[in-house]
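Visitor: For reference, this is final-v2.pdb, and it has PDB, C-alpha atoms and all ligand atoms.
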ATOM      1  CA  MET A   1     -16.620  31.597 -18.667
ATOM      2  CA  LYS A   2     -16.723  32.952 -15.130
ATOM      3  CA  SER A   3     -18.623  29.894 -13.881
ATOM      4  CA  THR A   4     -16.034  27.585 -15.507
ATOM      5  CA  LYS A   5     -13.304  29.388 -13.576
ATOM      6  CA  ILE A   6     -15.252  29.071 -10.329
ATOM      7  CA  THR A   7     -15.846  25.356 -10.973
ATOM      8  CA  LEU A   8     -12.144  24.794 -11.705
ATOM      9  CA  ALA A   9     -11.123  26.713  -8.596
ATOM     10  CA  SER A  10     -13.517  24.769  -6.381
ATOM     11  CA  LEU A  11     -12.317  21.488  -7.909
ATOM     12  CA  PHE A  12      -8.732  22.463  -7.089
ATOM     13  CA  ILE A  13      -9.640  23.350  -3.494
ATOM     14  CA  LEU A  14     -11.663  20.132  -3.142
ATOM     15  CA  THR A  15      -8.673  18.117  -4.361
ATOM     16  CA  LEU A  16      -6.437  19.789  -1.798
ATOM     17  CA  LEU A  17      -8.944  19.196   0.998
ATOM     18  CA  SER A  18      -9.596  15.573   0.045
ATOM     19  CA  SER A  19      -5.883  14.785   0.079
ATOM     20  CA  CYS A  20      -5.706  16.189   3.617
ATOM     21  CA  GLY A  21      -8.390  13.761   4.790
ATOM     22  CA  ALA A  22      -6.928  10.588   3.261
ATOM     23  CA  SER A  23      -5.893   8.187   5.987
ATOM     24  CA  THR A  24      -3.265   6.520   3.790
ATOM     25  CA  ASP A  25      -1.354   9.742   3.231
ATOM     26  CA  PHE A  26       2.169   9.163   4.511
ATOM     27  CA  ILE A  27       3.030  12.876   4.493
ATOM     28  CA  SER A  28       0.592  13.744   7.271
ATOM     29  CA  ASN A  29       0.286  10.259   8.846
ATOM     30  CA  PRO A  30       3.716   8.625   8.814
ATOM     31  CA  ALA A  31       3.513   5.491  10.955
ATOM     32  CA  SER A  32       7.059   4.168  10.676
ATOM     33  CA  GLN A  33      10.667   5.294  10.931
ATOM     34  CA  ILE A  34      10.866   5.111   7.159
ATOM     35  CA  THR A  35       7.853   7.250   6.330
ATOM     36  CA  SER A  36       8.658   9.763   9.117
ATOM     37  CA  GLN A  37      12.000  10.465   7.458
ATOM     38  CA  GLN A  38      10.428  10.595   3.999
ATOM     39  CA  SER A  39       7.728  12.917   5.286
ATOM     40  CA  ASN A  40      10.321  15.248   6.868
ATOM     41  CA  LEU A  41      12.294  15.388   3.631
ATOM     42  CA  PHE A  42       9.127  16.157   1.693
ATOM     43  CA  ARG A  43       8.153  18.962   4.082
ATOM     44  CA  ILE A  44      11.607  20.597   3.825
ATOM     45  CA  LEU A  45      11.537  20.272   0.045
ATOM     46  CA  LEU A  46       8.021  21.705  -0.138
ATOM     47  CA  SER A  47       8.986  24.670   2.089
ATOM     48  CA  MET A  48      12.069  25.442   0.002
ATOM     49  CA  ALA A  49      10.040  25.166  -3.201
ATOM     50  CA  ALA A  50       7.336  27.431  -1.739
ATOM     51  CA  VAL A  51       9.871  30.162  -0.879
ATOM     52  CA  VAL A  52      11.438  29.953  -4.370
ATOM     53  CA  PHE A  53       7.968  30.015  -5.944
ATOM     54  CA  VAL A  54       6.900  33.137  -4.049
ATOM     55  CA  ILE A  55      10.153  35.011  -4.785
ATOM     56  CA  VAL A  56      10.249  34.113  -8.493
ATOM     57  CA  GLU A  57       6.530  34.593  -9.168
ATOM     58  CA  GLY A  58       6.528  37.769  -7.044
ATOM     59  CA  GLY A  59       9.455  39.094  -9.120
ATOM     60  CA  ILE A  60       7.606  38.332 -12.349
ATOM     61  CA  ILE A  61       4.391  40.011 -11.196
ATOM     62  CA  PHE A  62       6.356  43.029  -9.929
ATOM     63  CA  ALA A  63       8.227  43.343 -13.242
ATOM     64  CA  VAL A  64       5.046  42.980 -15.296
ATOM     65  CA  LEU A  65       3.261  45.708 -13.342
ATOM     66  CA  ARG A  66       6.199  48.066 -12.784
ATOM     67  CA  PHE A  67       7.793  47.917 -16.233
ATOM     68  CA  ARG A  68       4.802  47.460 -18.511
ATOM     69  CA  ARG A  69       4.484  49.610 -21.627
ATOM     70  CA  LYS A  70       3.185  53.087 -20.811
ATOM     71  CA  LYS A  71       0.933  55.176 -23.088
ATOM     72  CA  ASP A  72       3.719  57.463 -24.255
ATOM     73  CA  ASP A  73       6.387  54.715 -24.589
ATOM     74  CA  SER A  74       7.787  54.137 -28.024
ATOM     75  CA  GLY A  75      10.466  51.760 -29.283
ATOM     76  CA  GLU A  76      12.512  49.235 -27.264
ATOM     77  CA  PRO A  77      13.077  49.664 -23.530
ATOM     78  CA  LYS A  78      16.636  50.242 -22.308
ATOM     79  CA  GLN A  79      18.560  46.953 -22.647
ATOM     80  CA  VAL A  80      20.531  45.707 -19.626
ATOM     81  CA  HIS A  81      22.659  42.577 -19.746
ATOM     82  CA  GLY A  82      25.992  41.357 -18.572
ATOM     83  CA  ASN A  83      25.432  42.354 -14.938
ATOM     84  CA  VAL A  84      28.135  40.173 -13.333
ATOM     85  CA  PRO A  85      27.075  40.388  -9.643
ATOM     86  CA  LEU A  86      23.443  39.519 -10.564
ATOM     87  CA  GLU A  87      24.503  36.553 -12.697
ATOM     88  CA  ILE A  88      26.713  35.222  -9.928
ATOM     89  CA  ILE A  89      23.852  35.530  -7.422
ATOM     90  CA  TRP A  90      21.254  33.747  -9.556
ATOM     91  CA  THR A  91      23.666  30.962 -10.381
ATOM     92  CA  ALA A  92      25.002  30.501  -6.863
ATOM     93  CA  ILE A  93      21.625  30.387  -5.056
ATOM     94  CA  PRO A  94      20.123  27.529  -7.152
ATOM     95  CA  VAL A  95      23.395  25.580  -6.941
ATOM     96  CA  LEU A  96      23.386  25.976  -3.170
ATOM     97  CA  LEU A  97      19.729  24.838  -2.974
ATOM     98  CA  VAL A  98      20.421  21.770  -5.113
ATOM     99  CA  VAL A  99      23.459  20.875  -2.982
ATOM    100  CA  ILE A 100      21.350  21.160   0.193
ATOM    101  CA  LEU A 101      18.634  18.953  -1.350
ATOM    102  CA  PHE A 102      21.252  16.423  -2.475
ATOM    103  CA  ILE A 103      22.730  16.160   1.032
ATOM    104  CA  LEU A 104      19.280  15.869   2.663
ATOM    105  CA  THR A 105      18.198  13.197   0.160
ATOM    106  CA  ILE A 106      21.357  11.100   0.588
ATOM    107  CA  THR A 107      21.043  11.362   4.390
ATOM    108  CA  THR A 108      17.404  10.219   4.217
ATOM    109  CA  MET A 109      18.248   7.361   1.839
ATOM    110  CA  ASN A 110      20.991   6.154   4.191
ATOM    111  CA  GLY A 111      18.645   6.526   7.141
ATOM    112  CA  ILE A 112      16.024   4.219   5.647
ATOM    113  CA  ALA A 113      18.337   1.774   3.866
ATOM    114  CA  ALA A 114      18.477  -0.749   6.696
ATOM    115  CA  PRO A 115      16.700  -1.319  10.008
ATOM    116  CA  PRO A 116      18.588  -0.956  13.303
ATOM    117  CA  SER A 117      20.499  -4.238  13.651
ATOM    118  CA  SER A 118      20.029  -4.329  17.437
ATOM    119  CA  ILE A 119      16.406  -5.495  17.284
ATOM    120  CA  ALA A 120      15.446  -9.043  16.269
ATOM    121  CA  ASP A 121      13.449  -8.866  13.102
ATOM    122  CA  ILE A 122      10.579 -10.842  11.641
ATOM    123  CA  ARG A 123      10.960 -12.440   8.204
ATOM    124  CA  VAL A 124       8.020 -12.624   5.832
ATOM    125  CA  ASN A 125       7.993 -14.045   2.309
ATOM    126  CA  VAL A 126       5.450 -12.008   0.398
ATOM    127  CA  VAL A 127       4.183 -13.616  -2.800
ATOM    128  CA  GLY A 128       2.169 -11.611  -5.312
ATOM    129  CA  HIS A 129      -0.669 -13.477  -7.032
ATOM    130  CA  GLN A 130      -3.332 -12.244  -9.457
ATOM    131  CA  TRP A 131      -5.013 -10.725  -7.378
ATOM    132  CA  TRP A 132      -4.160 -11.302  -3.745
ATOM    133  CA  TRP A 133      -1.126 -11.410  -1.454
ATOM    134  CA  GLU A 134       0.343 -14.488   0.198
ATOM    135  CA  PHE A 135       2.187 -13.937   3.493
ATOM    136  CA  ASP A 136       4.494 -16.704   4.564
ATOM    137  CA  TYR A 137       6.399 -16.516   7.886
ATOM    138  CA  PRO A 138       9.223 -19.068   7.420
ATOM    139  CA  ASP A 139      10.426 -18.926  11.055
ATOM    140  CA  GLN A 140       6.955 -19.268  12.547
ATOM    141  CA  LYS A 141       5.800 -21.702   9.820
ATOM    142  CA  ILE A 142       2.646 -19.730   9.133
ATOM    143  CA  THR A 143       1.035 -19.081   5.770
ATOM    144  CA  THR A 144      -1.773 -16.585   5.481
ATOM    145  CA  ALA A 145      -3.202 -14.140   2.950
ATOM    146  CA  ASP A 146      -4.137 -10.511   2.441
ATOM    147  CA  GLU A 147      -3.669  -9.483   6.089
ATOM    148  CA  LEU A 148      -0.114  -9.219   7.390
ATOM    149  CA  VAL A 149       0.094  -9.203  11.169
ATOM    150  CA  ILE A 150       3.275  -7.652  12.594
ATOM    151  CA  PRO A 151       4.488  -6.653  16.056
ATOM    152  CA  VAL A 152       4.869  -2.917  16.725
ATOM    153  CA  GLY A 153       8.461  -1.630  16.824
ATOM    154  CA  ARG A 154      10.155  -4.703  15.352
ATOM    155  CA  PRO A 155      11.621  -4.470  11.843
ATOM    156  CA  VAL A 156       9.923  -6.760   9.351
ATOM    157  CA  GLN A 157      12.156  -8.100   6.576
ATOM    158  CA  ILE A 158      10.052  -8.534   3.487
ATOM    159  CA  ILE A 159      11.200 -10.885   0.738
ATOM    160  CA  LEU A 160       9.172 -10.326  -2.413
ATOM    161  CA  THR A 161       8.453 -12.777  -5.220
ATOM    162  CA  SER A 162       5.649 -13.139  -7.757
ATOM    163  CA  MET A 163       3.768 -16.195  -9.014
ATOM    164  CA  ASP A 164       2.689 -14.586 -12.262
ATOM    165  CA  VAL A 165       3.191 -10.980 -13.381
ATOM    166  CA  VAL A 166       4.822  -7.826 -11.978
ATOM    167  CA  HIS A 167       3.081  -6.444  -8.886
ATOM    168  CA  SER A 168       4.215  -3.749  -6.469
ATOM    169  CA  PHE A 169       4.059  -3.928  -2.674
ATOM    170  CA  TRP A 170       2.951  -0.612  -1.220
ATOM    171  CA  VAL A 171       1.707   0.362   2.222
ATOM    172  CA  PRO A 172       1.923   4.183   2.059
ATOM    173  CA  GLU A 173       1.967   4.892   5.802
ATOM    174  CA  LEU A 174       4.733   2.348   6.478
ATOM    175  CA  ALA A 175       7.150   2.347   3.529
ATOM    176  CA  GLY A 176       7.657   3.191  -0.117
ATOM    177  CA  LYS A 177       6.862   0.888  -3.033
ATOM    178  CA  THR A 178       8.937  -2.120  -4.064
ATOM    179  CA  ASP A 179       8.268  -4.040  -7.274
ATOM    180  CA  VAL A 180       7.392  -7.721  -7.080
ATOM    181  CA  VAL A 181       8.896  -9.355 -10.167
ATOM    182  CA  PRO A 182       8.488 -12.963 -11.354
ATOM    183  CA  GLY A 183      11.817 -14.849 -11.423
ATOM    184  CA  GLN A 184      13.471 -12.325  -9.125
ATOM    185  CA  THR A 185      13.679 -11.796  -5.367
ATOM    186  CA  ASN A 186      13.396  -8.221  -4.111
ATOM    187  CA  ARG A 187      13.822  -7.147  -0.538
ATOM    188  CA  MET A 188      12.571  -4.327   1.623
ATOM    189  CA  TRP A 189      11.832  -3.722   5.273
ATOM    190  CA  LEU A 190       9.341  -1.815   7.349
ATOM    191  CA  THR A 191       8.305  -1.168  10.916
ATOM    192  CA  ALA A 192       5.140   0.141  12.487
ATOM    193  CA  ASP A 193       5.615   2.684  15.263
ATOM    194  CA  HIS A 194       2.167   2.249  16.759
ATOM    195  CA  PRO A 195      -0.645  -0.337  16.662
ATOM    196  CA  GLY A 196      -3.184   0.014  13.898
ATOM    197  CA  THR A 197      -4.446  -1.243  10.580
ATOM    198  CA  PHE A 198      -2.634   0.142   7.567
ATOM    199  CA  GLU A 199      -4.117  -0.202   4.114
ATOM    200  CA  GLY A 200      -1.903  -1.325   1.247
ATOM    201  CA  GLN A 201      -2.455  -1.542  -2.471
ATOM    202  CA  CYS A 202      -0.714  -3.271  -5.365
ATOM    203  CA  ALA A 203       0.911  -0.359  -7.164
ATOM    204  CA  GLU A 204       1.810  -1.883 -10.530
ATOM    205  CA  PHE A 205      -0.828  -2.643 -13.140
ATOM    206  CA  CYS A 206      -1.187  -6.433 -13.093
ATOM    207  CA  GLY A 207      -4.401  -7.246 -14.944
ATOM    208  CA  ILE A 208      -8.067  -6.383 -14.765
ATOM    209  CA  GLU A 209      -8.392  -6.729 -10.984
ATOM    210  CA  HIS A 210      -5.251  -4.715 -10.205
ATOM    211  CA  ALA A 211      -7.372  -2.160  -8.338
ATOM    212  CA  LEU A 212      -8.847  -4.942  -6.173
ATOM    213  CA  MET A 213      -5.443  -6.284  -5.135
ATOM    214  CA  ARG A 214      -5.212  -4.740  -1.711
ATOM    215  CA  MET A 215      -3.785  -5.779   1.613
ATOM    216  CA  ARG A 216      -3.880  -4.789   5.248
ATOM    217  CA  ILE A 217      -0.950  -4.565   7.598
ATOM    218  CA  ILE A 218      -2.164  -5.091  11.140
ATOM    219  CA  ALA A 219       0.352  -3.886  13.727
ATOM    220  CA  VAL A 220      -0.213  -5.275  17.219
ATOM    221  CA  SER A 221       1.695  -5.324  20.527
ATOM    222  CA  GLY A 222       4.433  -7.932  21.009
ATOM    223  CA  ALA A 223       2.199  -9.973  23.341
ATOM    224  CA  ASP A 224      -0.738  -9.891  20.920
ATOM    225  CA  PHE A 225       1.603 -10.957  18.130
ATOM    226  CA  GLU A 226       2.748 -14.005  20.119
ATOM    227  CA  THR A 227      -0.898 -14.915  20.787
ATOM    228  CA  TRP A 228      -1.686 -14.560  17.092
ATOM    229  CA  VAL A 229       1.317 -16.731  16.124
ATOM    230  CA  LYS A 230       0.220 -19.517  18.505
ATOM    231  CA  GLY A 231      -3.326 -19.349  17.167
ATOM    232  CA  GLN A 232      -2.117 -19.619  13.579
ATOM    233  CA  GLN A 233       0.256 -22.502  14.339
ATOM    234  CA  ASN A 234      -2.490 -24.683  15.809
ATOM    235  CA  PRO A 235      -4.749 -26.523  13.378
ATOM    236  CA  PRO A 236      -8.321 -25.245  13.415
ATOM    237  CA  PRO A 237     -10.796 -27.038  15.739
ATOM    238  CA  ALA A 238     -12.631 -30.045  14.281
ATOM    239  CA  PRO A 239     -16.118 -29.280  12.950
ATOM    240  CA  GLN A 240     -18.863 -30.142  15.461
ATOM    241  CA  SER A 241     -22.392 -29.810  14.096
ATOM    242  CA  ASP A 242     -23.790 -32.019  11.340
ATOM    243  CA  LEU A 243     -23.921 -29.023   9.015
ATOM    244  CA  GLU A 244     -20.253 -28.201   9.684
ATOM    245  CA  ILE A 245     -19.205 -31.823   9.130
ATOM    246  CA  GLN A 246     -21.207 -31.971   5.917
ATOM    247  CA  GLY A 247     -19.549 -28.726   4.817
ATOM    248  CA  GLN A 248     -16.089 -30.071   5.543
ATOM    249  CA  LYS A 249     -16.787 -33.147   3.388
ATOM    250  CA  LEU A 250     -17.943 -30.918   0.515
ATOM    251  CA  VAL A 251     -14.870 -28.699   0.783
ATOM    252  CA  VAL A 252     -12.204 -31.377   1.291
ATOM    253  CA  ALA A 253     -13.563 -33.817  -1.310
ATOM    254  CA  GLY A 254     -14.624 -31.116  -3.737
ATOM    255  CA  VAL A 255     -12.869 -28.804  -6.173
ATOM    256  CA  CYS A 256     -11.704 -26.494  -3.347
ATOM    257  CA  ALA A 257      -8.837 -28.924  -2.618
ATOM    258  CA  ALA A 258      -7.255 -28.306  -6.006
ATOM    259  CA  CYS A 259      -6.327 -24.751  -5.036
ATOM    260  CA  HIS A 260      -6.558 -24.249  -1.266
ATOM    261  CA  THR A 261      -4.789 -25.583   1.808
ATOM    262  CA  ILE A 262      -6.460 -26.281   5.138
ATOM    263  CA  ASP A 263      -4.112 -27.670   7.811
ATOM    264  CA  GLY A 264      -5.418 -30.780   9.530
ATOM    265  CA  THR A 265      -7.088 -31.968   6.294
ATOM    266  CA  THR A 266      -5.779 -33.489   3.069
ATOM    267  CA  MET A 267      -6.058 -30.110   1.329
ATOM    268  CA  LYS A 268      -2.642 -28.936   0.110
ATOM    269  CA  GLY A 269      -3.481 -26.712  -2.884
ATOM    270  CA  LYS A 270      -1.154 -23.780  -3.492
ATOM    271  CA  VAL A 271      -3.006 -21.775  -6.123
ATOM    272  CA  GLY A 272      -5.376 -19.867  -3.874
ATOM    273  CA  PRO A 273      -5.125 -18.396  -0.373
ATOM    274  CA  ASN A 274      -4.487 -20.697   2.591
ATOM    275  CA  LEU A 275      -7.841 -21.123   4.355
ATOM    276  CA  THR A 276      -6.593 -22.768   7.582
ATOM    277  CA  HIS A 277      -7.498 -19.741   9.708
ATOM    278  CA  LEU A 278      -9.725 -17.917   7.246
ATOM    279  CA  PHE A 279     -11.995 -16.512   9.938
ATOM    280  CA  SER A 280      -9.101 -15.029  11.893
ATOM    281  CA  ARG A 281      -9.100 -12.433   9.095
ATOM    282  CA  ASP A 282     -11.530  -9.566   8.583
ATOM    283  CA  THR A 283     -11.435  -9.435   4.789
ATOM    284  CA  PHE A 284     -11.001 -11.764   1.812
ATOM    285  CA  ALA A 285     -10.318 -11.850  -1.939
ATOM    286  CA  GLY A 286      -7.424  -9.367  -1.898
ATOM    287  CA  ALA A 287      -8.564  -7.657   1.332
ATOM    288  CA  VAL A 288     -11.429  -6.192  -0.669
ATOM    289  CA  PHE A 289     -14.597  -7.592   0.936
ATOM    290  CA  PRO A 290     -15.390  -7.663   4.657
ATOM    291  CA  LEU A 291     -15.488 -11.328   5.687
ATOM    292  CA  ASN A 292     -19.103 -11.991   6.709
ATOM    293  CA  ASP A 293     -21.895 -14.451   5.905
ATOM    294  CA  ALA A 294     -23.514 -12.293   3.249
ATOM    295  CA  ASN A 295     -20.291 -11.564   1.345
ATOM    296  CA  LEU A 296     -18.929 -15.096   1.591
ATOM    297  CA  SER A 297     -22.259 -16.630   0.447
ATOM    298  CA  ALA A 298     -22.356 -14.257  -2.496
ATOM    299  CA  TRP A 299     -18.731 -15.121  -3.286
ATOM    300  CA  LEU A 300     -19.367 -18.884  -3.230
ATOM    301  CA  LYS A 301     -22.466 -18.441  -5.368
ATOM    302  CA  ASP A 302     -20.656 -16.479  -8.081
ATOM    303  CA  THR A 303     -17.121 -15.204  -7.520
ATOM    304  CA  GLN A 304     -16.985 -13.679 -10.992
ATOM    305  CA  ALA A 305     -19.865 -11.337 -10.226
ATOM    306  CA  MET A 306     -17.901  -9.879  -7.277
ATOM    307  CA  LYS A 307     -14.412  -9.845  -8.779
ATOM    308  CA  PRO A 308     -14.599 -10.477 -12.519
ATOM    309  CA  GLY A 309     -11.638 -12.324 -13.998
ATOM    310  CA  ASN A 310     -10.367 -13.859 -10.749
ATOM    311  CA  LEU A 311      -8.975 -17.382 -11.028
ATOM    312  CA  MET A 312     -11.715 -18.957  -8.876
ATOM    313  CA  ALA A 313     -14.167 -19.649 -11.694
ATOM    314  CA  ILE A 314     -16.444 -21.680  -9.448
ATOM    315  CA  LYS A 315     -20.177 -21.473  -8.788
ATOM    316  CA  VAL A 316     -21.160 -23.436  -5.702
ATOM    317  CA  PRO A 317     -24.732 -24.809  -5.982
ATOM    318  CA  ASP A 318     -27.229 -23.090  -3.655
ATOM    319  CA  SER A 319     -27.904 -26.433  -1.914
ATOM    320  CA  GLN A 320     -24.285 -26.598  -0.660
ATOM    321  CA  ILE A 321     -23.657 -23.008   0.378
ATOM    322  CA  GLN A 322     -25.069 -23.149   3.926
ATOM    323  CA  ALA A 323     -23.007 -26.238   4.842
ATOM    324  CA  ILE A 324     -19.788 -24.898   3.306
ATOM    325  CA  LEU A 325     -20.287 -21.560   5.029
ATOM    326  CA  ALA A 326     -20.871 -23.294   8.382
ATOM    327  CA  TYR A 327     -17.626 -25.249   7.968
ATOM    328  CA  LEU A 328     -15.551 -22.275   6.803
ATOM    329  CA  LYS A 329     -16.686 -20.339   9.879
ATOM    330  CA  THR A 330     -15.050 -22.953  12.104
ATOM    331  CA  LEU A 331     -11.656 -22.055  10.547
ATOM    332  CA  LYS A 332     -10.600 -19.555  13.165
TER     333      LYS A 332
HETATM  334 CU1  LIG A 401      -0.945  -6.781  -8.499
HETATM  335 CU2  LIG A 401      -1.513  -4.706  -9.477
END
If you convert what's in this file into structure tokens, what do you get?
Ligand code: CUA
Guide:
Amino acid sequence: MKSTKITLASLFILTLLSSCGASTDFISNPASQITSQQSNLFRILLSMAAVVFVIVEGGIIFAVLRFRRKKDDSGEPKQVHGNVPLEIIWTAIPVLLVVILFILTITTMNGIAAPPSSIADIRVNVVGHQWWWEFDYPDQKITTADELVIPVGRPVQIILTSMDVVHSFWVPELAGKTDVVPGQTNRMWLTADHPGTFEGQCAEFCGIEHALMRMRIIAVSGADFETWVKGQQNPPPAPQSDLEIQGQKLVVAGVCAACHTIDGTTMKGKVGPNLTHLFSRDTFAGAVFPLNDANLSAWLKDTQAMKPGNLMAIKVPDSQIQAILAYLKTLK
């Protein structure tokens, strides 16, 4: 019995400690105006709740110890009720606390409702797919996937739609969740206060690979963002080596074209991620796997072994993998 208690206690402490270390915890690592305000509200709320908890629990423990039944007690204790000043006090204090919380919450909600209108914002159409994210910059005419590059300090207007089922767009350090609903357009905004890579996760169960529907928000300086935009707007360089050229033929004339787009080729598929600048990204398949030779070869060989149930039910023959890989690596 004692060991069970010790195990439970250590589990509780471990849980507390592990939540402190999580990098995607917006309470201790807010990285935007939105999450800073949410974090402040949470801290105030937690402090108020802690004070109430200590007073109430302290009162209970005091009463239990002080007024417990003594050896020579018999019958009912003296009954006290109808103490008007006490009843006024314990009604007024909670009402006051709730009013304070209400005002703080409304102020925070107003504070994060809209970005400052003085700064030019970036528009991104975010499309949820089973199980990856499409990022479409209508003003820059860029379409990419899984990794959303944004400039630090500029509000990003996010317009959310879904191709299939309900998803939820969530980057904890930058903003709260917003549902992504088929047949409906939802809007939200976010900013990043400093450069960095912020992990995001689909937060609405959307099928068997829901857990592997992640994303990364990469916040860079304004100059780096402009460089990135130019790089994405240019078509990728033409393949050079024989292997690369052979790979391009296999990709463009093969089944890949049914689902993927590569600018500068005849590939205009819309089902899967745009591959035009695949190797400008660090991850693939819902920002789940680091983009490298080993992972991409394994993916081409058998996507279902890496992410069971995904819509790319393709097995590329071993004889073609080296050439296709060589070509894909030119897509920078
Ligand atoms: Cu998309 Cu869960």
Visitor: Pick out the closest residue to ligand LIG 401 (chain A) from this set: A:Ala285, A:Val166, A:Cys259, A:Ala294. Count only C-alpha atoms and all ligand atoms.
Guide: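 Closest residue, counting only C-alpha atoms and all ligand atoms: A:Val166.
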Visitor: Enter the distance from atom CA of A:Ser297 to atom CA of A:Gln320, in Å, rounded to one decimal.
Guide: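 It comes out at 10.2 Å.
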Visitor: Evaluate the PyMOL selection byres (((chain A and resi 89-103) around 10) and not hetatm) and record the selected residues as a list in words, following the chain and residue labels used in the document.
Guide: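 Applying the expression gives Leu41, Ile44, Leu45, Met48, Ala49, Val52, Val84, Pro85, Leu86, Glu87, Ile88, Leu104, Thr105, Ile106, Thr107, Thr108 and Met109 of chain A.
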Visitor: Hey, can you spit out that residue selection with C-alpha atoms as a JSON list (two decimals), in the coordinates of the input?
Guide:
[["chain", "number", "residue", "atom", "x", "y", "z"],
["A", 41, "LEU", "CA", 12.29, 15.39, 3.63],
["A", 44, "ILE", "CA", 11.61, 20.60, 3.82],
["A", 45, "LEU", "CA", 11.54, 20.27, 0.04],
["A", 48, "MET", "CA", 12.07, 25.44, 0.00],
["A", 49, "ALA", "CA", 10.04, 25.17, -3.20],
["A", 52, "VAL", "CA", 11.44, 29.95, -4.37],
["A", 84, "VAL", "CA", 28.14, 40.17, -13.33],
["A", 85, "PRO", "CA", 27.08, 40.39, -9.64],
["A", 86, "LEU", "CA", 23.44, 39.52, -10.56],
["A", 87, "GLU", "CA", 24.50, 36.55, -12.70],
["A", 88, "ILE", "CA", 26.71, 35.22, -9.93],
["A", 104, "LEU", "CA", 19.28, 15.87, 2.66],
["A", 105, "THR", "CA", 18.20, 13.20, 0.16],
["A", 106, "ILE", "CA", 21.36, 11.10, 0.59],
["A", 107, "THR", "CA", 21.04, 11.36, 4.39],
["A", 108, "THR", "CA", 17.40, 10.22, 4.22],
["A", 109, "MET", "CA", 18.25, 7.36, 1.84]]
Visitor: Applied to the shown file, which residues does the PyMOL selection byres (((chain A and resi 321) around 12) and not hetatm) return, written as a ChimeraX atom specification?
Guide: /A:243-244,246-248,250-251,293-302,315-320,322-328
Visitor: Could you tell me, counting all atoms listed in the file, which protein and nucleic acid residues lie no more than 8 Å from ligand LIG 401 (chain A), written as a list of chain:residue names?
Guide: A:Gly128, A:His129, A:Gln130, A:Trp131, A:Trp132, A:Val165, A:Val166, A:His167, A:Ser168, A:Gln201, A:Cys202, A:Ala203, A:Glu204, A:Phe205, A:Cys206, A:Gly207, A:Glu209, A:His210, A:Ala211, A:Met213
Visitor: Which residues come within 9 Å of A:Ile142, counting all atoms listed in the file, excluding same-chain residues fewer than 4 positions away, as a count of residues only?
Guide: 7
Visitor: Nearest to A:Ile158 among A:Arg187, A:Lys71, A:Lys249, A:Lys141, with distances taken over all atoms listed in the file: which residue is it?
Guide: A:Arg187
Visitor: Calculate how many Å separate atom CA of A:Asn40 from atom CA of A:Phe198, rounding to one decimal.
Guide: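 So the two atoms, atom CA of A:Asn40 and atom CA of A:Phe198, lie 19.9 Å apart.
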Visitor: Selection in question (the file shown): the PyMOL selection byres (((chain A and resi 185) around 7) and not hetatm). Which residues does it include, as a PyMOL selection string?
Guide: chain A and resi 159-161+184+186-187
Visitor: Counting all atoms listed in the file, figure out which residue out of A:Ala175, A:Met188, A:Leu278, A:Leu331 gets nearest to A:Pro236.
Guide: A:Leu331
Visitor: For the atom pair atom CA of A:Arg43 and atom CA of A:Pro115, what is the interatomic distance in Å to one decimal place?
Guide: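 Those two atoms sit 22.8 Å apart.
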Visitor: I need the residue nearest A:Asp121 from this list: A:Ser32, A:Thr191, A:Asn292, A:Ser221. Use all atoms listed in the file for the distance.
Guide: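 Residue with the minimum atom-to-atom distance to A:Asp121: A:Thr191.
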Visitor: Show me, as a PDB file with C-alpha atoms, in the coordinates of the input, the residues that have an atom within 10 Å of A:Val252 when counting only C-alpha atoms, minus same-chain residues fewer than 2 positions from it.
Guide:
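What ended up in around.pdb:
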ATOM      1  CA  GLY A 247     -19.549 -28.726   4.817  1.00  0.00           C
ATOM      2  CA  GLN A 248     -16.089 -30.071   5.543  1.00  0.00           C
ATOM      3  CA  LYS A 249     -16.787 -33.147   3.388  1.00  0.00           C
ATOM      4  CA  LEU A 250     -17.943 -30.918   0.515  1.00  0.00           C
ATOM      5  CA  GLY A 254     -14.624 -31.116  -3.737  1.00  0.00           C
ATOM      6  CA  VAL A 255     -12.869 -28.804  -6.173  1.00  0.00           C
ATOM      7  CA  CYS A 256     -11.704 -26.494  -3.347  1.00  0.00           C
ATOM      8  CA  ALA A 257      -8.837 -28.924  -2.618  1.00  0.00           C
ATOM      9  CA  ALA A 258      -7.255 -28.306  -6.006  1.00  0.00           C
ATOM     10  CA  HIS A 260      -6.558 -24.249  -1.266  1.00  0.00           C
ATOM     11  CA  THR A 261      -4.789 -25.583   1.808  1.00  0.00           C
ATOM     12  CA  ILE A 262      -6.460 -26.281   5.138  1.00  0.00           C
ATOM     13  CA  THR A 265      -7.088 -31.968   6.294  1.00  0.00           C
ATOM     14  CA  THR A 266      -5.779 -33.489   3.069  1.00  0.00           C
ATOM     15  CA  MET A 267      -6.058 -30.110   1.329  1.00  0.00           C
ATOM     16  CA  LYS A 268      -2.642 -28.936   0.110  1.00  0.00           C
TER      17      LYS A 268
END
Visitor: So that I can see what lies close to A:Thr303, please list as a PDB file with C-alpha atoms, in the frame of the given file the residues with an atom at most 7 Å from it, counting only C-alpha atoms and leaving out residues fewer than 3 positions away in the same chain.
Guide:
ATOM      1  CA  TRP A 299     -18.731 -15.121  -3.286  1.00  0.00           C
ATOM      2  CA  LEU A 300     -19.367 -18.884  -3.230  1.00  0.00           C
ATOM      3  CA  MET A 306     -17.901  -9.879  -7.277  1.00  0.00           C
ATOM      4  CA  LYS A 307     -14.412  -9.845  -8.779  1.00  0.00           C
ATOM      5  CA  MET A 312     -11.715 -18.957  -8.876  1.00  0.00           C
ATOM      6  CA  ALA A 313     -14.167 -19.649 -11.694  1.00  0.00           C
ATOM      7  CA  ILE A 314     -16.444 -21.680  -9.448  1.00  0.00           C
TER       8      ILE A 314
END
